[in-house]
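Next up, upload-v1.txt (compact mmCIF, C-alpha atoms):
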```
# COMPACT_ATOMS: atom_id res chain seq x y z
CA LYS A 100 0.00 0.00 0.00
CA VAL A 101 1.14 3.55 -0.73
CA LEU A 102 0.19 6.57 1.36
CA SER A 103 0.14 9.92 -0.45
CA LYS A 104 1.11 13.12 1.35
CA SER A 105 -1.63 15.70 1.96
CA THR A 106 -1.06 19.08 0.29
CA GLU A 107 -2.28 21.04 3.31
CA ALA A 108 -1.81 20.27 6.97
CA SER A 109 -5.49 20.95 7.62
CA GLU A 110 -6.70 18.53 4.96
CA ALA A 111 -7.44 14.90 5.66
CA PRO A 112 -4.80 12.47 4.36
CA LEU A 113 -5.47 10.97 0.97
CA PRO A 114 -6.80 7.38 1.09
CA LEU A 115 -4.55 4.37 0.92
CA VAL A 116 -4.15 2.94 -2.57
CA GLU A 117 -4.67 -0.83 -2.74
CA LEU A 118 -2.48 -2.52 -5.34
CA PRO A 119 -4.09 -5.31 -7.39
CA ARG A 120 -2.88 -8.84 -6.65
CA THR A 121 -2.52 -12.10 -8.53
CA LYS A 122 -4.35 -15.26 -7.52
CA TYR A 123 -1.33 -16.02 -5.32
CA ASN A 124 -1.75 -12.66 -3.55
CA LYS A 125 1.33 -11.07 -5.16
CA PRO A 126 0.95 -7.30 -5.85
CA TYR A 127 1.53 -5.90 -9.33
CA LEU A 128 1.25 -2.59 -11.22
CA SER A 129 -1.67 -2.50 -13.65
CA ARG A 130 -2.71 -0.49 -16.69
CA ARG A 131 -6.07 0.13 -18.33
CA PHE A 132 -6.56 -1.82 -21.55
CA ARG A 133 -9.32 -0.96 -24.04
CA HIS A 134 -10.59 -3.85 -26.15
CA SER A 135 -10.74 -3.07 -29.88
CA GLY A 136 -13.07 -5.90 -30.75
CA SER A 137 -14.70 -9.03 -29.46
CA HIS A 138 -13.96 -12.62 -30.33
CA GLN A 139 -16.16 -15.64 -30.01
CA GLY A 140 -16.24 -16.64 -26.37
CA ASP A 141 -15.01 -13.26 -25.05
CA THR A 142 -16.83 -11.91 -22.01
CA ILE A 143 -15.64 -8.31 -22.62
CA GLY A 144 -17.04 -6.42 -25.58
CA SER A 145 -15.49 -3.86 -27.92
CA GLY A 146 -14.61 -0.54 -26.27
CA GLU A 147 -14.77 -1.94 -22.74
CA GLU A 148 -11.78 -1.56 -20.43
CA GLU A 149 -10.14 -3.81 -17.86
CA ASP A 150 -7.01 -3.81 -15.71
CA GLN A 151 -4.11 -5.93 -16.92
CA PRO A 152 -0.64 -6.44 -15.36
CA ALA A 153 1.85 -3.93 -16.79
CA HIS A 154 4.91 -4.55 -14.61
CA THR A 155 5.74 -7.38 -12.29
CA ILE A 156 7.13 -6.03 -9.03
CA SER A 157 8.64 -7.42 -5.84
CA ILE A 158 9.09 -5.60 -2.53
CA SER A 159 11.28 -6.26 0.50
CA HIS A 160 12.23 -4.40 3.66
CA GLN A 161 14.65 -5.07 6.48
CA PHE A 162 15.65 -2.20 8.73
CA PRO A 163 17.16 0.17 7.74
CA TYR A 164 16.52 -0.66 4.04
CA VAL A 165 13.39 -0.73 1.88
CA GLY A 166 13.52 -1.84 -1.74
CA ILE A 167 11.37 -2.54 -4.78
CA THR A 168 12.16 -4.20 -8.10
CA ARG A 169 10.13 -4.16 -11.29
CA LEU A 170 10.47 -5.46 -14.82
CA LEU A 171 10.89 -2.61 -17.30
CA GLN A 172 10.17 -4.85 -20.28
CA SER A 173 7.08 -6.83 -21.16
CA PRO A 174 6.40 -9.58 -18.60
CA HIS A 175 6.44 -12.09 -21.46
CA SER A 176 9.26 -13.01 -23.82
CA ASN A 177 8.32 -15.18 -26.80
CA ASN A 178 5.13 -16.13 -24.93
CA SER A 179 7.16 -17.35 -21.93
CA PRO A 180 6.39 -15.60 -18.64
CA LEU A 181 9.24 -13.69 -17.03
CA HIS A 182 9.15 -13.08 -13.27
CA VAL A 183 11.15 -11.00 -10.81
CA GLY A 184 11.72 -11.60 -7.10
CA PHE A 185 13.53 -9.54 -4.48
CA ASP A 186 14.66 -9.98 -0.90
CA ILE A 187 16.79 -8.07 1.62
CA VAL A 188 18.58 -9.75 4.52
CA MET A 189 20.64 -8.32 7.37
CA TYR A 190 23.52 -10.33 8.83
CA GLU A 191 22.07 -10.21 12.33
CA ALA A 192 23.48 -12.27 15.17
CA PRO A 193 21.01 -14.64 16.88
CA ASN A 194 19.13 -13.32 19.89
CA PRO A 195 21.17 -14.58 22.88
CA LYS A 196 17.98 -14.82 24.92
CA LEU A 197 16.64 -17.43 22.51
CA TYR A 198 19.75 -19.20 21.20
CA SER A 199 22.99 -19.97 23.00
CA THR A 200 24.98 -20.63 19.80
CA THR A 201 24.84 -19.92 16.07
CA SER A 202 24.48 -23.66 15.42
CA GLU A 203 21.36 -23.78 17.60
CA PHE A 204 19.87 -20.84 15.69
CA LEU A 205 20.62 -22.30 12.26
CA GLY A 206 19.30 -25.72 13.24
CA VAL A 207 15.78 -24.29 13.28
CA PHE A 208 16.01 -23.75 9.51
CA LYS A 209 17.84 -26.91 8.45
CA ASN A 210 14.77 -28.48 6.81
CA SER A 211 14.42 -25.42 4.56
CA PHE A 212 17.55 -26.45 2.62
CA THR A 213 18.65 -29.49 0.67
CA PRO A 214 21.63 -31.50 2.00
CA SER A 215 23.86 -29.88 -0.64
CA GLU A 216 22.83 -26.35 0.33
CA TRP A 217 23.11 -27.11 4.02
CA GLY A 218 26.63 -28.39 3.43
CA CYS A 219 27.58 -25.08 1.81
CA ILE A 220 26.25 -23.24 4.86
CA VAL A 221 27.88 -25.23 7.65
CA ASP A 222 31.18 -25.78 5.80
CA SER A 223 31.85 -22.08 5.16
CA SER A 224 35.56 -21.53 5.68
CA ALA A 225 36.95 -19.19 8.32
CA ALA A 226 39.14 -17.37 5.83
CA TRP A 227 38.34 -16.13 2.33
CA PHE A 228 39.53 -13.44 -0.05
CA GLY A 229 42.33 -12.40 2.28
CA ARG A 230 40.00 -11.62 5.19
CA ARG A 231 39.76 -13.59 8.40
CA ARG A 232 36.44 -13.90 10.18
CA LYS A 233 35.11 -16.08 12.91
CA SER A 234 33.63 -19.30 11.56
CA ASP A 235 30.24 -18.50 13.10
CA GLU A 236 30.08 -15.21 11.20
CA ASN A 237 30.88 -16.83 7.84
CA THR A 238 28.31 -19.54 8.46
CA ARG A 239 25.67 -17.01 9.46
CA ARG A 240 26.29 -14.89 6.37
CA GLU A 241 26.11 -17.90 4.07
CA PHE A 242 22.80 -18.89 5.69
CA TYR A 243 21.29 -15.44 5.20
CA LEU A 244 22.39 -15.31 1.55
CA ARG A 245 20.92 -18.74 0.84
CA TRP A 246 17.73 -17.71 2.61
CA ALA A 247 17.48 -14.55 0.48
CA VAL A 248 17.80 -16.72 -2.63
CA LYS A 249 14.90 -18.92 -1.51
CA GLU A 250 12.77 -15.88 -0.64
CA ALA A 251 13.48 -14.04 -3.90
CA TYR A 252 12.76 -17.08 -6.06
CA THR A 253 9.49 -18.04 -4.36
CA LYS A 254 8.35 -14.41 -4.32
CA ALA A 255 9.01 -14.28 -8.06
CA LEU A 256 6.68 -17.27 -8.42
CA GLY A 257 4.11 -15.38 -6.34
CA LEU A 258 4.13 -18.08 -3.66
CA GLY A 259 6.56 -16.85 -0.98
CA LEU A 260 6.66 -19.00 2.14
CA GLY A 261 3.73 -21.00 0.74
CA HIS A 262 6.28 -22.87 -1.39
CA GLU A 263 8.23 -25.42 0.64
CA PHE A 264 11.87 -24.28 0.64
CA GLY A 265 13.36 -27.71 1.26
CA LYS A 266 11.96 -29.20 -1.96
CA PHE A 267 14.28 -27.31 -4.28
CA GLU A 268 17.84 -26.04 -4.41
CA VAL A 269 19.66 -23.40 -6.43
CA VAL A 270 23.02 -24.34 -7.93
CA PHE A 271 25.11 -21.30 -8.88
CA ASP A 272 27.59 -21.08 -11.73
CA CYS A 273 29.84 -18.86 -9.61
CA CYS A 274 30.48 -21.24 -6.73
CA GLU A 275 29.36 -24.79 -7.55
CA GLY A 276 31.95 -26.93 -9.28
CA GLU A 277 35.21 -28.72 -8.74
CA GLN A 278 36.34 -25.97 -6.36
CA GLU A 279 33.18 -25.67 -4.34
CA GLY A 280 32.66 -22.55 -2.29
CA GLY A 281 29.89 -20.47 -0.83
CA LEU A 282 28.13 -17.32 -1.94
CA VAL A 283 30.03 -15.28 0.65
CA GLU A 284 33.31 -16.32 -0.94
CA ALA A 285 31.98 -15.77 -4.48
CA ILE A 286 30.85 -12.21 -3.72
CA GLY A 287 34.18 -11.41 -2.11
CA THR A 288 36.19 -12.96 -4.94
CA PHE A 289 34.20 -12.19 -8.08
CA GLY A 290 31.99 -9.27 -7.02
CA ILE A 291 32.67 -5.85 -8.51
CA GLU A 292 32.55 -2.60 -6.57
CA GLY A 293 29.21 -0.79 -6.63
CA SER A 294 28.78 2.12 -9.03
CA ASN A 295 26.73 4.40 -6.78
CA THR A 296 29.56 6.57 -5.49
CA ARG A 297 27.30 9.51 -4.59
CA ASN A 298 25.51 7.76 -1.77
CA GLU A 299 28.10 5.01 -1.22
CA ILE A 300 25.33 2.60 -0.20
CA ILE A 301 25.89 -0.30 -2.60
CA GLY A 302 29.01 -2.37 -1.90
CA LYS A 303 30.14 -5.24 -4.08
CA ARG A 304 27.84 -6.64 -6.74
CA LEU A 305 27.76 -10.17 -8.12
CA ASP A 306 25.78 -11.32 -11.19
CA THR A 307 25.46 -15.04 -11.73
CA LEU A 308 23.19 -17.73 -13.12
CA GLY A 309 21.44 -20.22 -10.88
CA THR A 310 19.84 -23.53 -11.85
CA ILE A 311 16.67 -24.48 -9.96
CA ARG A 312 16.58 -28.18 -9.16
CA TYR A 313 13.70 -29.92 -7.44
CA ALA A 314 14.43 -32.89 -5.20
CA GLU A 315 11.23 -34.83 -5.97
CA ARG A 316 10.85 -35.07 -9.73
CA ASP A 317 10.42 -38.89 -9.81
CA GLY A 318 12.15 -39.42 -13.12
CA SER A 319 10.70 -36.35 -14.82
CA THR A 320 12.42 -35.38 -18.07
CA ASP A 321 11.69 -31.67 -17.65
CA GLN A 322 14.80 -29.53 -17.83
CA ASP A 323 15.85 -27.52 -14.79
CA ASP A 324 15.05 -23.81 -15.00
CA VAL A 325 17.87 -21.27 -15.22
CA TRP A 326 17.44 -17.88 -13.50
CA HIS A 327 19.57 -14.75 -13.28
CA PHE A 328 20.61 -13.67 -9.76
CA THR A 329 22.15 -10.38 -8.67
CA PHE A 330 23.59 -9.86 -5.18
CA LEU A 331 24.13 -6.31 -3.89
CA GLU A 332 26.09 -5.82 -0.67
CA LEU A 333 24.66 -3.32 1.81
CA PRO A 334 27.54 -1.78 3.77
CA GLY A 335 27.02 -0.40 7.24
CA GLY A 336 30.39 1.11 8.10
CA SER A 337 33.41 3.00 6.83
CA THR A 338 35.29 -0.04 5.46
CA ASP A 339 34.40 -2.75 2.97
CA CYS A 340 34.45 -5.31 5.78
CA ASP A 341 31.56 -3.55 7.55
CA VAL A 342 28.75 -5.14 5.53
CA MET A 343 25.32 -5.09 7.16
CA GLY A 344 23.52 -7.35 4.72
CA CYS A 345 22.70 -8.08 1.11
CA ALA A 346 19.92 -7.61 -1.44
CA CYS A 347 19.10 -10.44 -3.85
CA VAL A 348 17.27 -9.99 -7.18
CA CYS A 349 16.25 -12.94 -9.36
CA ILE A 350 14.76 -12.89 -12.87
CA GLY A 351 13.53 -15.86 -14.85
CA PRO A 352 13.03 -18.45 -16.05
CA LEU A 353 15.45 -17.63 -18.86
CA GLU A 354 15.18 -19.03 -22.34
CA ALA A 355 17.98 -21.24 -23.60
CA GLY A 356 19.30 -18.61 -25.99
CA SER A 357 19.36 -15.79 -23.46
CA VAL A 358 21.38 -17.31 -20.61
CA SER A 359 24.66 -15.94 -21.98
CA THR A 360 23.41 -12.34 -22.33
CA CYS A 361 22.59 -11.49 -18.73
CA ASP A 362 25.34 -8.97 -17.96
CA GLY A 363 23.80 -5.65 -16.96
CA ILE A 364 20.27 -7.05 -16.85
CA VAL A 365 19.71 -5.48 -13.41
CA LYS A 366 20.03 -1.70 -12.97
CA GLU A 367 20.01 -0.36 -9.42
CA GLU A 368 19.05 3.08 -8.14
CA VAL A 369 19.75 4.05 -4.55
CA SER A 370 18.05 6.85 -2.63
CA THR A 371 18.28 8.00 0.95
CA LEU A 372 15.21 8.81 3.03
CA GLU A 373 15.95 12.52 2.46
CA ASP A 374 15.92 11.94 -1.33
CA VAL A 375 12.51 10.27 -1.13
CA MET A 376 11.08 13.07 1.03
CA ARG A 377 12.30 15.72 -1.42
CA TRP A 378 10.76 13.77 -4.33
CA HIS A 379 7.38 13.66 -2.58
CA GLN A 380 7.56 17.37 -1.77
CA ARG A 381 8.15 18.19 -5.46
CA HIS A 382 5.34 15.98 -6.74
CA PHE A 383 2.66 16.26 -4.03
CA SER A 384 3.11 19.76 -2.58
```
Rewrite the structure of this file - the entire thing - as structure tokens.
Amino acid sequence: KVLSKSTEASEAPLPLVELPRTKYNKPYLSRRFRHSGSHQGDTIGSGEEEDQPAHTISISHQFPYVGITRLLQSPHSNNSPLHVGFDIVMYEAPNPKLYSTTSEFLGVFKNSFTPSEWGCIVDSSAAWFGRRRKSDENTRREFYLRWAVKEAYTKALGLGLGHEFGKFEVVFDCCEGEQEGGLVEAIGTFGIEGSNTRNEIIGKRLDTLGTIRYAERDGSTDQDDVWHFTFLELPGGSTDCDVMGCACVCIGPLEAGSVSTCDGIVKEEVSTLEDVMRWHQRHFS
């Protein structure tokens, strides 16, 4: 929901605007479409209007960040639906009042990952990319990144937590192979520095492809879907080691001929709260 600012202090606030939702309760931006003619079986006649999805969007918030992603192109490519999902995670330590160790905290979520994914989380090394961290911190960061991947993908499907996380896994080109490693290591090794130097909010960025594999396909011959994933570090301090969290964007499923042309597919814009307030003042005052 979006709340518009009143133009005068004495006026009542404008009403909340309810975004339309898909059958899976996912919000989207709509446009008015006027029918030019009617076909046999149509329930809408010529000249009548209806709302149709114009842009698929995905929203996430985790203090102190709020974000939204949307597809700028048509939500269909060669009659194949294209979806976008988005999630923000903060690398928060477990509440010591609830969990005595990181392992105890992570154990609550073990069934949300496949054995392969869980191995990547618990086997995160204590040293990577020339930086030394406590093993618990590496493990916690790997968990949050893998959780963001699950959230972004299921939100793109419009299902969210209604889709059982443990039934599928995502295998990444950047860190799954002979020299297996985690997403934390991949971002540190292959990520490029963020381009938003004005606000200095985005840290390293990693673009990679991920293959979605379901654990219970019972001999199905269907090919695994390939999706594009972008990871954006969210720094919280004066050095590149002070990373608060990460944003994850996923787009897909990709067609076979497009999987090699994904560089630059995600464009980010970063604004501070002051920027947003000034924008609203210009447009609603």
Dig up all the protein and nucleic acid residues within 7 Å of (15.6, -14.6, -5.2) in the file frame, using all atoms listed in the file, and format them as a VMD selection string.
chain A and resid 184 to 186 247 to 252 328 347 to 349
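CA of Pro180 in chain A is found 7.7 Å from CA of Pro352 in chain A.
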Range 281-284 of chain A surroundings by all atoms listed in the file, 12 Å radius, close-in-sequence under 6 positions cut, as a PDB file with C-alpha atoms, in the frame of the given file:
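Saved result, part-v7.pdb, follows:
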```
ATOM      1  CA  TYR A 190      23.520 -10.330   8.830  1.00  0.00           C
ATOM      2  CA  SER A 215      23.860 -29.880  -0.640  1.00  0.00           C
ATOM      3  CA  GLU A 216      22.830 -26.350   0.330  1.00  0.00           C
ATOM      4  CA  TRP A 217      23.110 -27.110   4.020  1.00  0.00           C
ATOM      5  CA  GLY A 218      26.630 -28.390   3.430  1.00  0.00           C
ATOM      6  CA  CYS A 219      27.580 -25.080   1.810  1.00  0.00           C
ATOM      7  CA  ILE A 220      26.250 -23.240   4.860  1.00  0.00           C
ATOM      8  CA  VAL A 221      27.880 -25.230   7.650  1.00  0.00           C
ATOM      9  CA  ASP A 222      31.180 -25.780   5.800  1.00  0.00           C
ATOM     10  CA  SER A 223      31.850 -22.080   5.160  1.00  0.00           C
ATOM     11  CA  SER A 224      35.560 -21.530   5.680  1.00  0.00           C
ATOM     12  CA  ALA A 225      36.950 -19.190   8.320  1.00  0.00           C
ATOM     13  CA  ALA A 226      39.140 -17.370   5.830  1.00  0.00           C
ATOM     14  CA  TRP A 227      38.340 -16.130   2.330  1.00  0.00           C
ATOM     15  CA  PHE A 228      39.530 -13.440  -0.050  1.00  0.00           C
ATOM     16  CA  GLY A 229      42.330 -12.400   2.280  1.00  0.00           C
ATOM     17  CA  ARG A 230      40.000 -11.620   5.190  1.00  0.00           C
ATOM     18  CA  ARG A 231      39.760 -13.590   8.400  1.00  0.00           C
ATOM     19  CA  ARG A 232      36.440 -13.900  10.180  1.00  0.00           C
ATOM     20  CA  GLU A 236      30.080 -15.210  11.200  1.00  0.00           C
ATOM     21  CA  ASN A 237      30.880 -16.830   7.840  1.00  0.00           C
ATOM     22  CA  THR A 238      28.310 -19.540   8.460  1.00  0.00           C
ATOM     23  CA  ARG A 239      25.670 -17.010   9.460  1.00  0.00           C
ATOM     24  CA  ARG A 240      26.290 -14.890   6.370  1.00  0.00           C
ATOM     25  CA  GLU A 241      26.110 -17.900   4.070  1.00  0.00           C
ATOM     26  CA  PHE A 242      22.800 -18.890   5.690  1.00  0.00           C
ATOM     27  CA  TYR A 243      21.290 -15.440   5.200  1.00  0.00           C
ATOM     28  CA  LEU A 244      22.390 -15.310   1.550  1.00  0.00           C
ATOM     29  CA  ARG A 245      20.920 -18.740   0.840  1.00  0.00           C
ATOM     30  CA  TRP A 246      17.730 -17.710   2.610  1.00  0.00           C
ATOM     31  CA  ALA A 247      17.480 -14.550   0.480  1.00  0.00           C
ATOM     32  CA  VAL A 248      17.800 -16.720  -2.630  1.00  0.00           C
ATOM     33  CA  VAL A 269      19.660 -23.400  -6.430  1.00  0.00           C
ATOM     34  CA  VAL A 270      23.020 -24.340  -7.930  1.00  0.00           C
ATOM     35  CA  PHE A 271      25.110 -21.300  -8.880  1.00  0.00           C
ATOM     36  CA  ASP A 272      27.590 -21.080 -11.730  1.00  0.00           C
ATOM     37  CA  CYS A 273      29.840 -18.860  -9.610  1.00  0.00           C
ATOM     38  CA  CYS A 274      30.480 -21.240  -6.730  1.00  0.00           C
ATOM     39  CA  GLU A 275      29.360 -24.790  -7.550  1.00  0.00           C
ATOM     40  CA  GLY A 290      31.990  -9.270  -7.020  1.00  0.00           C
ATOM     41  CA  LYS A 303      30.140  -5.240  -4.080  1.00  0.00           C
ATOM     42  CA  ARG A 304      27.840  -6.640  -6.740  1.00  0.00           C
ATOM     43  CA  LEU A 305      27.760 -10.170  -8.120  1.00  0.00           C
ATOM     44  CA  ASP A 306      25.780 -11.320 -11.190  1.00  0.00           C
ATOM     45  CA  THR A 307      25.460 -15.040 -11.730  1.00  0.00           C
ATOM     46  CA  GLY A 309      21.440 -20.220 -10.880  1.00  0.00           C
ATOM     47  CA  PHE A 328      20.610 -13.670  -9.760  1.00  0.00           C
ATOM     48  CA  THR A 329      22.150 -10.380  -8.670  1.00  0.00           C
ATOM     49  CA  PHE A 330      23.590  -9.860  -5.180  1.00  0.00           C
ATOM     50  CA  LEU A 331      24.130  -6.310  -3.890  1.00  0.00           C
ATOM     51  CA  GLU A 332      26.090  -5.820  -0.670  1.00  0.00           C
ATOM     52  CA  VAL A 342      28.750  -5.140   5.530  1.00  0.00           C
ATOM     53  CA  GLY A 344      23.520  -7.350   4.720  1.00  0.00           C
ATOM     54  CA  CYS A 345      22.700  -8.080   1.110  1.00  0.00           C
ATOM     55  CA  CYS A 347      19.100 -10.440  -3.850  1.00  0.00           C
TER      56      CYS A 347
END
```
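Straight-line separation from CA of Val369 in chain A to CA of Ala285 in chain A: 23.3 Å.
Of note, CA of Lys266 in chain A and CA of Ala314 in chain A are spaced 5.5 Å apart.
Closest approach to His262 in chain A from the set A:Pro334, A:Val207, A:Gly287, A:Tyr123 is made by A:Tyr123, with distances taken over only C-alpha atoms.
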Test item: axis-aligned box, all listed atoms of range 238-257 of chain A, 5 Å on each side, centre and edges in Å rounded to one decimal, as lines of an AutoDock Vina configuration file:
```
center_x = 16.2
center_y = -16.8
center_z = 0.5
size_x = 34.2
size_y = 15.5
size_z = 27.9
```
- For Lys122 in chain A, list every protein, DNA or RNA residue within 12 Å, evaluated using all atoms listed in the file, and leave out those in the same chain fewer than 6 positions away; present the list as a ChimeraX atom specification. /A:256-258
Using all atoms listed in the file, the shortest atom-to-atom distance to Tyr164 in chain A among A:Gly206, A:Tyr127, A:Met343, A:Thr288 belongs to A:Met343
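With all atoms listed in the file as the basis for measurement, A:Asp235 is the residue among A:Leu181, A:Asp235, A:Glu368, A:Leu171 that approaches Ser202 in chain A most closely.
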